[in-house]
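The structure under discussion appears below in the form of C-alpha cells.
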Amino acid sequence: MKKFLRIILPLLILLIGAGAAVLLIKTRKVARPEPRAENLPLVRVVVAEQVDYQVVVPSQGTVLPATDIHLVAEVGGRIVEASPAFTAGGAFKKGDLLLSIDPRDFELALTRARAELTRAEVALQREQAESAVARKEWEKLGNGNAPALVLREPQLADARAAAEAARAVVEQAQRDLERAKITAPFNGRVWEKTVDAGQYVPKGATLGRIYSTDAAEIRLPIRLDQLGFLEGLAPGGETAGKQHTTALIRGNVAGKDCQWKASIVRTEAQVDPKSRMVHAVARVEQPHAALMHKSEYPLAVGMFVEADVMGRVAKGVFALPRSALRAENKVLVVTPDNRLTFRGVREIHSDEHQVIVEGGIQPGERVCISPLDMVVEGMRVRVEQQARTASTQAKGAP
C-alpha cells in the first residue's frame, strides 16, 4: 500500500499541476497594444478676411526751404542801416527793410536826371512850335507839299529822341534809388549774413542768404517699384490730377513726437544712379504754424524726419502676417480636415510686419503662420485652437 501511494501521489500532483497550468493559460487576459498617437506638428493659423487696405510707403529725408536765395547788391555803396532782424536766425515779414545803402548819390543822380528831362521836354516843345510855324508859312506860299527840312522834321525827331532818353535816365535813377533799400521779398528767416552796417559793398556783392517760411520741402527717396502704389507719380514731373498725394511727416522735437501734414507736389527729373531710387518732393505749407499742423513745435529747416506717404486703396485684399508668405509667393492653407495645401497669391505690398496679397485664398480660410522645416502637400497638422482673423493679427492693417 505504501508502495502504491509512493507511485500514485507524484503522478496525481503532476496531473493537478498540469490542469492548473492549462486552466491559467486558457483564462489569461491577452494584453492588447495601445494605439500610438501620431506626432503631428502644431501650427498657428489666421482666418483670411478681405479688407480695403491703404498702402503706406515709408521714407525719410531732411527738411529744406521751398525758397532759398542769396541777397545781392543791385547798386554799390556804403551800408548805412541794417535791420535787427538781419542776423543769422532772424525772422522777418515780406516788405521789411533788411539793409539800406547810402542813398545820397542816387538822390543826386535822380535830381540831375529830372533836370535833363525838363530841358529835353522844353527843347521838344520848342521844336514842335517851330515846326508848326514853318508849316503855316509854307502853306501861305502855296508851293505844294513842304520838304521835311523846311518843316524841321529831323530836328523834331532828334528832340523827341532826346526827351525819351532823358525819361529813361530818370527811370534808371529812380530804380537805383529804390534798390538802395534791400527789402524782404517774402516771409522768412536769415540763413546767414555776410555784411553789416558801415561796410562798403560793390554792385553784385553777396549780402546774405535768406529763406522763405511760407513752405518747406522734403526730398523723399522712393523705390521705383513703389511708385505704382502712389497716385499720379512718375519720375520727372509734377503730380498728375487735381489732388496731390498726401504724406504724414513725423519728427521728434524736445523729446516730443510731432506731426505735420504734407503733399507730394512733384518728383525729381532723374533717378539716382547709385540708389536706383527717385526722389518725391513733399511740400509742407506754413511749417511754422504749429496750430495748423496740431504740433507743439514748428517744422525747422535741417530737421531729419520720417514720412508716411499715403498710397492708393487696394480693395478686397488680404492683410496677413509677414510669416504667412512662403517662397515663390505662396501661402499654406489649412483645409477643414487639417491638411496643408499650397496656394499661389499675388503680393501687392509688404513691410516688416505684414504682407498684402490678393487671389489664391478665399475669405474664411485658415492660413498657416507657423514656421515649418519641411512641408509636403496634404500633410496633416494639429491646429492651435485660438485662431485669429488676419486683419487683427497683421499689424498696421486698416
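Within each chain, counting starts at residue 1; across the C-alpha cells, chains are named A, B, ... in the order shown, with ligands numbered 1 upward in that order.
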Worksheet item: Can you tell me, as a PyMOL selection string, what residues are no more than 9 Å from segment 281-286 of chain A when counting only C-alpha atoms, ignoring any on the same chain fewer than 2 positions away?
Response: chain A and resi 66+213-221+246-247+249+260-268+279+288-290+292-293+298-299
For those residues, write C-alpha atoms to a file as a compact mmCIF listing (two decimals), in the first residue's frame.
```
# COMPACT_ATOMS: atom_id res chain seq x y z
CA ALA A 66 10.99 125.73 -50.58
CA THR A 213 8.99 130.20 -44.12
CA ASP A 214 5.82 130.06 -46.21
CA ALA A 215 6.60 126.47 -47.23
CA ALA A 216 9.16 123.73 -46.61
CA GLU A 217 10.10 120.75 -48.75
CA ILE A 218 11.47 117.28 -48.02
CA ARG A 219 13.15 115.08 -50.64
CA LEU A 220 11.80 111.58 -50.03
CA PRO A 221 13.57 108.63 -51.71
CA THR A 246 -0.67 113.25 -49.14
CA ALA A 247 2.05 112.41 -46.64
CA ILE A 249 5.71 113.92 -41.69
CA TRP A 260 2.98 117.78 -39.93
CA LYS A 261 0.75 117.43 -42.99
CA ALA A 262 2.37 117.46 -46.43
CA SER A 263 1.55 116.98 -50.11
CA ILE A 264 3.68 115.30 -52.77
CA VAL A 265 3.96 118.04 -55.41
CA ARG A 266 6.46 116.56 -57.85
CA THR A 267 9.19 114.02 -58.46
CA GLU A 268 12.71 114.93 -59.48
CA HIS A 279 13.05 111.47 -55.03
CA HIS A 288 5.98 127.36 -38.64
CA ALA A 289 2.22 127.46 -38.00
CA ALA A 290 2.22 124.85 -35.25
CA MET A 292 -2.30 124.45 -38.25
CA HIS A 293 -0.50 121.10 -38.03
CA PRO A 298 7.37 124.24 -35.98
CA LEU A 299 9.00 122.17 -38.69
```
Residue contacts of segment 318-323 of chain A (12 Å, only C-alpha atoms) excluding same-chain residues fewer than 3 positions away, as a PyMOL selection string: chain A and resi 44-55+314-315+326-327+329-332+345-372+388-398
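Nearest to Glu178 of chain A of all the residues A:Glu116, A:Glu121, A:Asp102, A:Asp196 is A:Asp102, based on only C-alpha atoms.
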Atom pair atom CA of Asp158 of chain A + atom CA of Asn145 of chain A, distance 21.9 Å
Based on DSSP run over this structure's backbone, return all residues of segment 194-266 of chain A in strand (DSSP E or B), as a VMD selection string. chain A and resid 200 to 201 206 to 212 215 to 223 237 to 238 245 to 253 256 to 266
